file query_34.txt (compact mmCIF, C-alpha atoms and all ligand atoms)
# COMPACT_ATOMS: atom_id res chain seq x y z
CA MET V 25 76.46 107.41 110.94
CA THR V 26 74.27 110.33 110.00
CA ALA V 27 75.81 111.19 106.63
CA THR V 28 73.11 111.86 104.07
CA SER V 29 75.09 111.18 100.91
CA PHE V 30 76.84 108.07 102.16
CA ASN V 31 75.25 104.74 103.04
CA ALA V 32 77.35 103.16 105.80
CA ALA V 33 74.97 100.21 106.16
CA ALA V 34 75.49 99.23 102.52
CA PHE V 35 79.25 99.59 102.98
CA ASP V 36 79.20 97.33 106.03
CA GLU V 37 77.16 94.70 104.19
CA SER V 38 79.70 94.27 101.42
CA VAL V 39 83.15 95.19 102.78
CA MET V 40 84.77 92.51 104.92
CA TYR V 41 84.70 93.49 108.57
CA THR V 42 88.42 93.69 109.37
CA TYR V 43 88.67 97.27 110.65
CA GLY V 44 87.00 99.11 113.49
CA ARG V 45 85.87 102.34 111.79
CA PHE V 46 85.10 105.84 113.01
CA PRO V 47 81.72 107.16 111.81
CA LEU V 48 83.34 109.36 109.21
CA ALA V 49 83.28 109.04 105.40
CA LEU V 50 86.05 111.00 103.69
CA GLU V 51 85.72 112.29 100.17
CA ARG V 52 88.23 115.05 99.39
CA GLY V 53 91.49 116.50 100.63
CA GLN V 54 93.73 119.49 100.12
CA GLY V 55 97.03 119.95 101.95
CA CYS V 56 96.49 118.92 105.58
CA ILE V 57 92.67 119.21 105.44
CA VAL V 58 90.18 116.48 104.50
CA TRP V 59 86.43 116.83 104.01
CA ASP V 60 83.72 114.28 104.71
CA THR V 61 80.66 113.50 102.59
CA GLU V 62 78.70 116.18 104.44
CA GLY V 63 81.28 118.84 103.68
CA LEU V 64 82.72 119.01 107.21
CA ALA V 65 86.46 119.77 107.35
CA TYR V 66 89.03 117.93 109.49
CA LEU V 67 92.66 118.73 110.19
CA ASP V 68 94.47 115.55 109.18
CA PHE V 69 97.16 114.54 111.70
CA VAL V 70 96.88 110.90 110.65
CA ALA V 71 97.90 111.34 106.99
CA GLY V 72 96.78 107.82 106.09
CA ILE V 73 98.94 106.65 109.02
CA ALA V 74 102.20 108.44 108.30
CA THR V 75 101.74 107.95 104.57
CA CYS V 76 100.58 111.19 102.88
CA THR V 77 104.04 112.80 102.92
CA LEU V 78 102.98 115.82 100.85
CA GLY V 79 99.46 116.03 102.26
CA HIS V 80 96.52 115.71 99.88
CA SER V 81 96.52 116.76 96.21
CA HIS V 82 99.92 118.43 96.33
CA PRO V 83 100.33 120.29 92.99
CA ALA V 84 103.64 118.57 92.17
CA LEU V 85 102.08 115.14 92.72
CA VAL V 86 98.92 116.01 90.78
CA GLU V 87 101.05 117.25 87.88
CA ALA V 88 103.29 114.16 87.92
CA VAL V 89 100.56 111.52 88.07
CA THR V 90 98.44 113.33 85.50
CA ASP V 91 101.36 113.47 83.09
CA GLN V 92 102.53 109.90 83.77
CA VAL V 93 99.10 108.36 83.29
CA THR V 94 99.05 109.71 79.74
CA LYS V 95 102.52 108.24 79.03
CA LEU V 96 102.88 104.80 80.62
CA GLN V 97 101.38 103.21 83.72
CA HIS V 98 102.68 99.69 83.80
CA VAL V 99 105.09 97.40 82.01
CA SER V 100 106.66 94.20 83.22
CA ASN V 101 110.04 93.91 84.90
CA LEU V 102 110.89 91.78 81.85
CA TYR V 103 112.06 95.15 80.48
CA TYR V 104 114.14 98.08 81.69
CA ILE V 105 111.98 100.72 83.37
CA PRO V 106 113.95 104.00 83.30
CA LEU V 107 111.88 105.63 86.07
CA GLN V 108 112.58 102.64 88.35
CA GLY V 109 116.30 103.12 87.76
CA GLU V 110 115.95 106.83 88.50
CA LEU V 111 114.23 106.20 91.84
CA ALA V 112 116.68 103.44 92.79
CA SER V 113 119.59 105.78 92.01
CA TRP V 114 118.10 108.52 94.16
CA LEU V 115 117.58 106.08 97.04
CA THR V 116 121.11 104.64 96.86
CA ALA V 117 122.73 108.06 96.37
CA ASN V 118 120.92 109.31 99.48
CA SER V 119 121.43 106.32 101.79
CA CYS V 120 123.92 103.65 102.87
CA ALA V 121 122.24 101.13 100.51
CA ASP V 122 123.67 99.91 97.21
CA ARG V 123 120.67 98.04 95.77
CA VAL V 124 116.89 98.37 95.76
CA PHE V 125 114.09 95.86 95.17
CA PHE V 126 110.65 97.41 94.58
CA CYS V 127 107.32 95.99 95.72
CA ASN V 128 103.95 97.42 96.78
CA SER V 129 103.64 97.64 100.56
CA GLY V 130 105.43 97.55 103.87
CA ALA V 131 104.62 93.92 104.57
CA GLU V 132 105.90 92.95 101.14
CA ALA V 133 109.12 94.90 101.65
CA ASN V 134 109.66 93.04 104.93
CA GLU V 135 108.80 89.71 103.26
CA GLY V 136 111.60 90.46 100.81
CA ALA V 137 113.97 91.24 103.67
CA ILE V 138 113.03 87.98 105.44
CA LYS V 139 113.71 85.95 102.30
CA LEU V 140 116.98 87.82 101.76
CA ALA V 141 118.03 87.07 105.37
CA ARG V 142 117.33 83.36 104.95
CA LYS V 143 119.29 83.16 101.72
CA TYR V 144 122.14 85.13 103.32
CA GLY V 145 122.08 82.76 106.29
CA HIS V 146 122.31 79.69 104.11
CA THR V 147 124.83 80.97 101.55
CA LYS V 148 127.03 83.44 103.48
CA LEU V 149 126.90 82.21 107.07
CA GLY V 150 126.73 78.51 106.18
CA ILE V 151 123.70 77.91 108.38
CA GLU V 152 122.61 74.33 107.78
CA GLY V 153 119.56 74.14 110.03
CA MET V 154 116.97 76.86 110.37
CA PRO V 155 118.23 80.44 109.92
CA MET V 156 116.73 82.51 112.73
CA ILE V 157 115.52 86.10 112.53
CA LEU V 158 115.30 87.98 115.81
CA THR V 159 112.75 90.79 116.19
CA ALA V 160 111.62 92.95 119.10
CA GLN V 161 108.71 92.63 121.47
CA ALA V 162 106.06 95.30 120.72
CA SER V 163 107.31 95.54 117.13
CA PHE V 164 105.13 95.74 114.03
CA HIS V 165 106.23 94.43 110.64
CA GLY V 166 103.00 93.71 108.71
CA ARG V 167 100.10 91.28 108.33
CA THR V 168 101.25 88.63 105.85
CA LEU V 169 102.00 85.31 107.52
CA ALA V 170 105.77 85.81 107.77
CA THR V 171 105.63 89.50 108.73
CA VAL V 172 102.89 88.97 111.30
CA THR V 173 105.08 86.24 112.77
CA ALA V 174 107.95 88.75 112.81
CA THR V 175 105.63 91.17 114.63
CA GLY V 176 106.41 90.71 118.32
CA GLN V 177 102.87 91.18 119.64
CA PRO V 178 100.87 88.04 120.56
CA LYS V 179 97.53 89.78 119.87
CA TYR V 180 98.31 89.76 116.14
CA HIS V 181 99.09 86.01 116.19
CA LYS V 182 95.87 84.97 117.88
CA GLY V 183 93.80 82.68 115.67
CA PHE V 184 96.50 82.26 113.01
CA THR V 185 98.70 79.47 114.33
CA PRO V 186 100.82 77.75 113.20
CA MET V 187 103.07 80.77 112.78
CA VAL V 188 106.05 80.74 110.42
CA GLN V 189 109.17 79.02 111.75
CA GLY V 190 112.47 80.77 112.31
CA PHE V 191 111.58 83.80 114.46
CA ASP V 192 112.31 84.70 118.05
CA TYR V 193 111.70 87.86 120.07
CA VAL V 194 113.82 90.04 122.33
CA PRO V 195 112.93 93.10 124.44
CA TYR V 196 113.57 96.37 122.52
CA ASN V 197 116.50 98.58 123.58
CA ASP V 198 117.98 95.80 125.77
CA ILE V 199 121.46 94.83 124.52
CA GLU V 200 122.13 92.24 127.24
CA ALA V 201 118.98 90.30 126.33
CA LEU V 202 119.90 90.43 122.64
CA ARG V 203 123.46 89.25 123.23
CA ALA V 204 122.19 86.39 125.41
CA THR V 205 119.64 85.30 122.80
CA VAL V 206 122.19 85.37 119.98
CA ALA V 207 124.68 83.44 122.14
CA SER V 208 122.13 80.74 122.96
CA PHE V 209 121.15 80.21 119.31
CA ASN V 210 124.75 80.33 118.09
CA SER V 211 126.26 78.11 120.80
CA GLU V 212 126.82 75.20 118.40
CA GLY V 213 127.58 77.19 115.27
CA PRO V 214 125.91 80.08 113.49
CA GLN V 215 122.12 80.04 113.48
CA VAL V 216 120.99 83.68 113.68
CA ALA V 217 120.85 85.17 110.17
CA ALA V 218 119.41 88.59 110.93
CA ILE V 219 118.12 91.01 113.54
CA LEU V 220 115.12 93.03 112.33
CA LEU V 221 114.27 96.21 114.26
CA GLU V 222 112.34 99.44 113.80
CA PRO V 223 114.41 102.59 114.44
CA LEU V 224 111.36 103.82 116.37
CA GLN V 225 108.50 101.48 117.16
CA GLY V 226 105.45 103.13 115.58
CA GLU V 227 102.47 100.83 116.14
CA GLY V 228 104.08 99.61 119.36
CA GLY V 229 103.60 103.03 120.99
CA VAL V 230 105.94 105.62 119.37
CA ASN V 231 108.93 104.19 121.17
CA PRO V 232 112.26 105.59 119.88
CA GLY V 233 115.34 103.42 119.60
CA ASP V 234 118.21 104.10 121.96
CA VAL V 235 121.45 105.39 120.35
CA GLU V 236 123.76 103.36 122.58
CA TYR V 237 121.68 100.20 122.05
CA PHE V 238 121.79 100.46 118.27
CA LYS V 239 125.53 101.16 118.33
CA GLN V 240 125.96 97.89 120.25
CA VAL V 241 123.58 96.01 117.93
CA ARG V 242 125.65 97.19 114.97
CA GLN V 243 128.81 96.00 116.73
CA LEU V 244 127.26 92.61 117.56
CA CYS V 245 126.26 92.18 113.91
CA ASP V 246 129.75 93.15 112.74
CA GLU V 247 131.32 90.60 115.13
CA THR V 248 129.04 87.74 114.08
CA GLY V 249 128.17 88.45 110.42
CA ILE V 250 124.48 88.68 111.37
CA LEU V 251 122.53 91.11 109.14
CA LEU V 252 121.19 94.25 110.78
CA MET V 253 117.84 94.91 109.09
CA MET V 254 115.74 97.99 109.89
CA ASP V 255 112.04 98.39 109.21
CA GLU V 256 111.76 102.03 108.12
CA VAL V 257 108.25 101.63 106.73
CA GLN V 258 106.77 104.20 109.14
CA VAL V 259 109.69 106.55 109.93
CA GLY V 260 111.68 106.45 106.68
CA MET V 261 111.42 109.09 103.94
CA GLY V 262 111.85 112.12 106.19
CA ARG V 263 109.27 111.64 108.92
CA SER V 264 111.90 111.53 111.68
CA GLY V 265 113.44 114.86 110.60
CA LYS V 266 116.24 112.98 108.86
CA LEU V 267 115.69 111.07 105.65
CA TRP V 268 116.09 107.72 107.45
CA GLY V 269 115.28 106.81 111.03
CA HIS V 270 118.61 105.00 111.43
CA GLN V 271 120.36 108.36 110.93
CA GLN V 272 118.79 109.40 114.25
CA LEU V 273 120.65 106.44 115.76
CA GLY V 274 124.01 107.06 114.09
CA ILE V 275 124.27 103.63 112.48
CA GLU V 276 124.00 102.07 109.04
CA PRO V 277 121.89 98.91 108.62
CA ASP V 278 122.71 96.19 106.07
CA VAL V 279 119.09 96.08 104.91
CA PHE V 280 116.20 98.49 105.33
CA THR V 281 112.62 98.61 104.15
CA LEU V 282 110.33 101.45 103.04
CA ALA V 283 106.71 101.90 102.04
CA LYS V 284 104.19 104.34 103.58
CA GLY V 285 105.87 107.74 103.05
CA LEU V 286 107.70 106.71 99.86
CA GLY V 287 104.44 106.66 97.91
CA GLY V 288 102.71 109.59 99.56
CA GLY V 289 99.40 107.68 99.26
CA PHE V 290 100.18 105.52 96.23
CA PRO V 291 101.16 101.89 96.88
CA ILE V 292 104.89 101.32 96.69
CA GLY V 293 107.35 99.46 98.87
CA ALA V 294 111.10 98.99 98.69
CA MET V 295 113.72 96.72 100.21
CA LEU V 296 117.24 98.15 100.15
CA CYS V 297 120.54 96.47 100.98
CA ASN V 298 124.29 96.97 100.91
CA GLU V 299 126.68 94.84 98.81
CA LYS V 300 127.33 92.41 101.68
CA ALA V 301 123.61 91.49 101.83
CA ASN V 302 123.07 91.56 98.07
CA VAL V 303 122.52 87.81 97.68
CA PHE V 304 119.41 87.63 95.45
CA GLN V 305 119.91 86.22 91.98
CA PRO V 306 117.59 86.17 88.96
CA GLY V 307 114.48 84.17 89.84
CA ASP V 308 114.85 84.57 93.62
CA HIS V 309 112.22 87.26 94.10
CA ALA V 310 109.71 89.17 91.97
CA SER V 311 106.62 91.37 91.94
CA THR V 312 104.27 92.07 89.04
CA PHE V 313 103.50 95.66 90.00
CA GLY V 314 106.75 96.29 91.85
CA GLY V 315 108.58 99.37 90.56
CA ASN V 316 106.20 100.12 87.74
CA PRO V 317 106.58 103.44 85.88
CA PHE V 318 103.59 105.05 87.54
CA VAL V 319 104.58 104.51 91.18
CA CYS V 320 108.24 105.22 90.50
CA ARG V 321 107.23 108.58 89.00
CA VAL V 322 105.28 109.15 92.22
CA GLY V 323 108.25 108.13 94.39
CA MET V 324 110.61 110.44 92.46
CA THR V 325 108.13 113.30 92.87
CA ILE V 326 107.99 112.75 96.64
CA ALA V 327 111.80 112.60 96.79
CA LYS V 328 112.33 115.76 94.71
CA THR V 329 109.65 117.68 96.60
CA ILE V 330 111.24 116.78 99.95
CA GLU V 331 114.46 118.32 98.59
CA GLN V 332 112.94 121.33 96.82
CA GLU V 333 110.64 122.34 99.67
CA ASN V 334 113.26 121.72 102.37
CA LEU V 335 110.82 119.41 104.08
CA LEU V 336 113.37 117.85 106.45
CA GLU V 337 113.82 121.26 108.03
CA ASN V 338 110.06 121.76 108.20
CA VAL V 339 109.71 118.38 109.92
CA GLN V 340 112.30 119.32 112.55
CA VAL V 341 110.86 122.76 113.30
CA ARG V 342 107.20 121.73 113.26
CA GLY V 343 108.05 118.66 115.32
CA GLU V 344 109.64 120.82 118.01
CA GLN V 345 106.65 123.15 117.96
CA LEU V 346 104.25 120.22 118.31
CA ARG V 347 106.19 118.57 121.15
CA ALA V 348 106.47 121.90 123.02
CA GLY V 349 102.69 122.35 122.78
CA LEU V 350 101.99 118.80 123.92
CA GLU V 351 104.50 119.10 126.80
CA LYS V 352 102.44 122.01 128.14
CA LEU V 353 99.38 119.79 128.15
CA VAL V 354 101.31 117.09 130.01
CA ALA V 355 102.20 119.72 132.64
CA GLN V 356 98.53 120.68 132.82
CA TYR V 357 97.30 117.08 133.31
CA PRO V 358 100.09 115.31 135.24
CA LYS V 359 97.61 112.86 136.76
CA HIS V 360 96.43 111.68 133.34
CA LEU V 361 99.39 112.26 131.00
CA ALA V 362 102.85 110.72 131.39
CA GLY V 363 104.80 112.51 128.65
CA VAL V 364 105.55 113.11 124.98
CA ARG V 365 107.97 111.11 122.87
CA GLY V 366 108.99 110.92 119.26
CA TRP V 367 111.15 112.35 116.52
CA GLY V 368 110.32 114.96 113.88
CA LEU V 369 106.69 114.49 112.87
CA ILE V 370 106.05 111.14 114.53
CA ASN V 371 105.07 111.90 118.10
CA GLY V 372 103.11 110.19 120.85
CA LEU V 373 101.19 111.77 123.71
CA VAL V 374 101.53 109.12 126.41
CA LEU V 375 98.82 108.50 129.01
CA GLN V 376 99.54 107.40 132.56
CA PRO V 377 99.57 103.59 132.48
CA ASP V 378 96.87 103.02 135.12
CA GLY V 379 94.47 105.87 134.23
CA GLU V 380 90.77 105.33 133.51
CA LYS V 381 90.92 106.93 130.08
CA ALA V 382 92.43 105.31 127.00
CA ALA V 383 94.06 106.85 123.92
CA ILE V 384 90.94 106.08 121.92
CA ASP V 385 88.85 108.38 124.18
CA ILE V 386 91.12 111.30 123.28
CA VAL V 387 91.12 110.37 119.60
CA LYS V 388 87.30 110.34 119.58
CA ALA V 389 87.05 113.68 121.40
CA ALA V 390 89.53 115.24 118.94
CA LEU V 391 87.54 113.87 115.99
CA ASP V 392 84.41 115.57 117.35
CA GLU V 393 86.38 118.84 117.41
CA GLY V 394 87.69 118.39 113.84
CA LEU V 395 91.14 116.86 114.31
CA LEU V 396 92.13 113.40 113.07
CA LEU V 397 94.51 111.48 115.35
CA VAL V 398 95.31 107.78 115.69
CA PRO V 399 96.17 105.65 118.74
CA ALA V 400 99.43 103.67 118.89
CA GLY V 401 98.36 101.02 121.39
CA PRO V 402 95.97 101.60 124.31
CA THR V 403 97.86 104.45 126.03
CA VAL V 404 99.50 106.48 123.26
CA VAL V 405 97.89 109.10 120.98
CA ARG V 406 99.91 109.41 117.79
CA PHE V 407 100.43 112.66 115.83
CA VAL V 408 101.71 111.98 112.28
CA PRO V 409 100.69 114.92 110.05
CA PRO V 410 101.85 115.40 106.46
CA LEU V 411 105.47 116.64 106.29
CA VAL V 412 104.22 119.88 104.67
CA VAL V 413 102.24 120.87 107.79
CA SER V 414 102.36 124.62 108.56
CA GLU V 415 103.01 126.53 111.80
CA ARG V 416 99.35 127.57 111.89
CA GLU V 417 98.12 124.00 111.43
CA VAL V 418 100.30 122.74 114.28
CA GLU V 419 98.92 125.57 116.44
CA ASP V 420 95.38 124.56 115.48
CA ALA V 421 96.07 120.91 116.25
CA ILE V 422 97.37 121.82 119.73
CA ALA V 423 94.33 124.04 120.35
CA ILE V 424 91.94 121.26 119.36
CA THR V 425 93.86 118.69 121.43
CA THR V 426 93.57 121.09 124.40
CA LYS V 427 89.78 121.18 123.98
CA ALA V 428 89.59 117.40 123.53
CA LEU V 429 91.63 116.77 126.70
CA ALA V 430 89.38 119.15 128.68
CA LYS V 431 86.36 117.15 127.49
CA VAL V 432 87.94 113.82 128.41
CA PHE V 433 89.64 114.75 131.70
CA ASP V 434 87.74 117.69 133.24
C1 LIG R 501 102.63 100.00 108.39
C2 LIG R 501 103.84 99.22 108.74
C3 LIG R 501 104.12 98.00 108.11
C4 LIG R 501 103.15 97.32 107.16
O1 LIG R 501 102.98 98.05 106.00
P1 LIG R 501 101.76 97.66 105.00
O2 LIG R 501 101.96 98.59 103.85
O3 LIG R 501 100.50 97.91 105.77
O4 LIG R 501 101.93 96.25 104.65
C5 LIG R 501 105.31 97.36 108.41
N1 LIG R 501 106.17 97.88 109.29
C6 LIG R 501 105.95 99.05 109.91
C7 LIG R 501 106.97 99.60 110.86
C8 LIG R 501 104.76 99.76 109.67
O5 LIG R 501 104.52 100.89 110.32
call {"tool": "encode", "arguments": {"input": "query_34.txt", "output": "structure tokens"}}
result
Amino acid sequence: MTATSFNAAAFDESVMYTYGRFPLALERGQGCIVWDTEGLAYLDFVAGIATCTLGHSHPALVEAVTDQVTKLQHVSNLYYIPLQGELASWLTANSCADRVFFCNSGAEANEGAIKLARKYGHTKLGIEGMPMILTAQASFHGRTLATVTATGQPKYHKGFTPMVQGFDYVPYNDIEALRATVASFNSEGPQVAAILLEPLQGEGGVNPGDVEYFKQVRQLCDETGILLMMDEVQVGMGRSGKLWGHQQLGIEPDVFTLAKGLGGGFPIGAMLCNEKANVFQPGDHASTFGGNPFVCRVGMTIAKTIEQENLLENVQVRGEQLRAGLEKLVAQYPKHLAGVRGWGLINGLVLQPDGEKAAIDIVKAALDEGLLLVPAGPTVVRFVPPLVVSEREVEDAIAITTKALAKVFD
């Protein structure tokens, strides 16, 4: 770290060492550009990991938070919070859900869904033993004890045993394996309460769900009464080019969770469900900050701006532009690159599985050239810019990626 106005050593002495960090200290942002403490500019195709929906310091968001902070930041859920009702109404009017519970993060939203599934299993399915929740291998659902257990990647479990009871894992996009697992648990009466899946696995390598698979999962859940729960924390709120990732798959879940993009950089999470899954009663679940006036004003501003600025269309068009540019690079480096996959503005540049170079090498080379990218596992480079990204910025990102690949591969 060579920054003059930022002391990385002091930072490292006091902040707990839980993240591997790039030698970059960020201070300011505008749109899709961020600046470091030395005044160097970077094109931000990480967006706080698929979080800064409107980029940085969007005028509508600045106006809303500035106004709201002078009115009311926080009151308890002991009282009606009109802005919370407004955001919940927008979410239910624009999705298959009937009810919303607000919290503060993706992991918390999934914790809520896990509790809901257990209560549903006990009260609606009559499960007497342990209600099971099935999740996918290579999934990611968060870092709290229950959500890291739900996460189907052993590397996240290492060092934290015993894990939470009541979870099992199935391969993603494999309906036969899922049917077999459900059948084995349910052979002596109902035991599976819910199946929790991402519409597209983000952390697991930008791995989109298969339409036919999800149709069959929906059917299996309808046959058995099992809840279909979808973790939309990374792809929900427009990133896929539709408002919800499950719309890409042509199905409606019973429960889905949101966070990242819903707050555009402010901490908010939400767990949504239909009437069938609406089993919580007063006292069952709560959050001090959840759905406070400040973050709900933020969430409403993100929602309205997505509508007013036609951002879903921008996501589709810019996503196509980005994938077309990346496909050309795949054609240029067939020995090193295996392909491009993704929806809308969540895309992965996939390396050949047995190559010498890893995604992190490309991410580092791009950083040196002024473009922020993030790996999704060892062999996938993830592109998740703000949903407001322009044609010119996508062009620039492709040009910088081209330079970075030349440095890494040539
Ligand atoms: C980021 C993420 C989470 C965890 O969200 P936090 O806000 O970090 O707790 C859960 N599920 C998915 C799919 C995510 O991408």
call {"tool": "closest_residue", "arguments": {"input": "query_34.txt", "among": "V:Ile151, V:Ile386, V:Met295, V:Leu252", "to": "Gly314 of chain V", "atoms": "all atoms listed in the file"}}
result
V:Met295
call {"tool": "atom_distance", "arguments": {"input": "query_34.txt", "atom1": "atom CA of Ser311 of chain V", "atom2": "atom CA of Gly323 of chain V"}}
result
17.0 Å
call {"tool": "closest_residue", "arguments": {"input": "query_34.txt", "among": "V:Leu107, V:Ala49, V:Val70, V:Met254", "to": "ligand LIG 501 (chain R)", "atoms": "only C-alpha atoms and all ligand atoms"}}
result
V:Met254
call {"tool": "closest_residue", "arguments": {"input": "query_34.txt", "among": "V:Arg263, V:His360, V:Arg365, V:Arg416", "to": "ligand LIG 501 (chain R)", "atoms": "all atoms listed in the file"}}
result
V:Arg263
call {"tool": "residues_near_point", "arguments": {"input": "query_34.txt", "point": "(102.8, 110.9, 126.1)", "cutoff": "10 Å", "atoms": "all atoms listed in the file", "output": "list in words"}}
result
Gly229, Val230, Arg347, Leu350, Glu351, Leu353, Val354, His360, Leu361, Ala362, Gly363, Val364, Arg365, Gly366, Asn371, Gly372, Leu373, Val374, Leu375, Gln376, Ala383, Thr403, Val404, Val405 and Arg406 of chain V
call {"tool": "residues_near_ligand", "arguments": {"input": "query_34.txt", "ligand": "ligand LIG 501 (chain R)", "cutoff": "8 Å", "atoms": "all atoms listed in the file", "output": "list in words"}}
result
Ile73, Asn128, Ser129, Gly130, Ala131, Glu132, Ala133, Asn134, Ser163, Phe164, His165, Gly166, Arg167, Thr168, Thr171, Glu222, Gln225, Gly226, Glu227, Asp255, Glu256, Val257, Gln258, Val259, Ala283, Lys284, Pro291 and Gly293 of chain V
call {"tool": "closest_residue", "arguments": {"input": "query_34.txt", "among": "V:Leu158, V:Val432, V:Val206, V:Leu220", "to": "Gln189 of chain V", "atoms": "all atoms listed in the file"}}
result
V:Leu158
call {"tool": "closest_residue", "arguments": {"input": "query_34.txt", "among": "V:Val398, V:Val412, V:Val279, V:Leu429", "to": "Ala121 of chain V", "atoms": "only C-alpha atoms"}}
result
V:Val279
call {"tool": "atom_distance", "arguments": {"input": "query_34.txt", "atom1": "atom CA of Pro178 of chain V", "atom2": "atom CA of Tyr196 of chain V"}}
result
15.3 Å
call {"tool": "residues_around", "arguments": {"input": "query_34.txt", "residues": "Met324 of chain V", "least_positions_apart": "2", "cutoff": "9 Å", "atoms": "only C-alpha atoms", "output": "ChimeraX atom specification"}}
result
/V:107,110-111,114,286,319-322,326-329
call {"tool": "atom_distance", "arguments": {"input": "query_34.txt", "atom1": "atom CA of Gln177 of chain V", "atom2": "atom CA of Asp192 of chain V"}}
result
11.6 Å
call {"tool": "closest_residue", "arguments": {"input": "query_34.txt", "among": "V:Gln92, V:Asn118, V:Asn334, V:Thr281", "to": "Phe318 of chain V", "atoms": "all atoms listed in the file"}}
result
V:Gln92
call {"tool": "residues_around", "arguments": {"input": "query_34.txt", "residues": "segment 296-310 of chain V", "least_positions_apart": "6", "cutoff": "9 Å", "atoms": "all atoms listed in the file", "output": "number ranges by chain"}}
result
V: 101, 115-116, 120-127, 133, 136-137, 139-141, 143-144, 147-148, 251, 253, 277-282
call {"tool": "residues_around", "arguments": {"input": "query_34.txt", "residues": "Phe69 of chain V", "least_positions_apart": "2", "cutoff": "10 Å", "atoms": "only C-alpha atoms", "output": "VMD selection string"}}
result
chain V and resid 56 to 57 66 to 67 71 to 74 79 369 to 370 395 to 398 406 to 410 413 417 to 418 421
call {"tool": "residues_around", "arguments": {"input": "query_34.txt", "residues": "Val216 of chain V", "least_positions_apart": "5", "cutoff": "8 Å", "atoms": "all atoms listed in the file", "output": "PyMOL selection string"}}
result
chain V and resi 145+155-158+206+209-210+250
call {"tool": "residues_around", "arguments": {"input": "query_34.txt", "residues": "Asp198 of chain V", "least_positions_apart": "2", "cutoff": "10 Å", "atoms": "all atoms listed in the file", "output": "PyMOL selection string"}}
result
chain V and resi 160+194-196+200-203+234+237-238+240-241
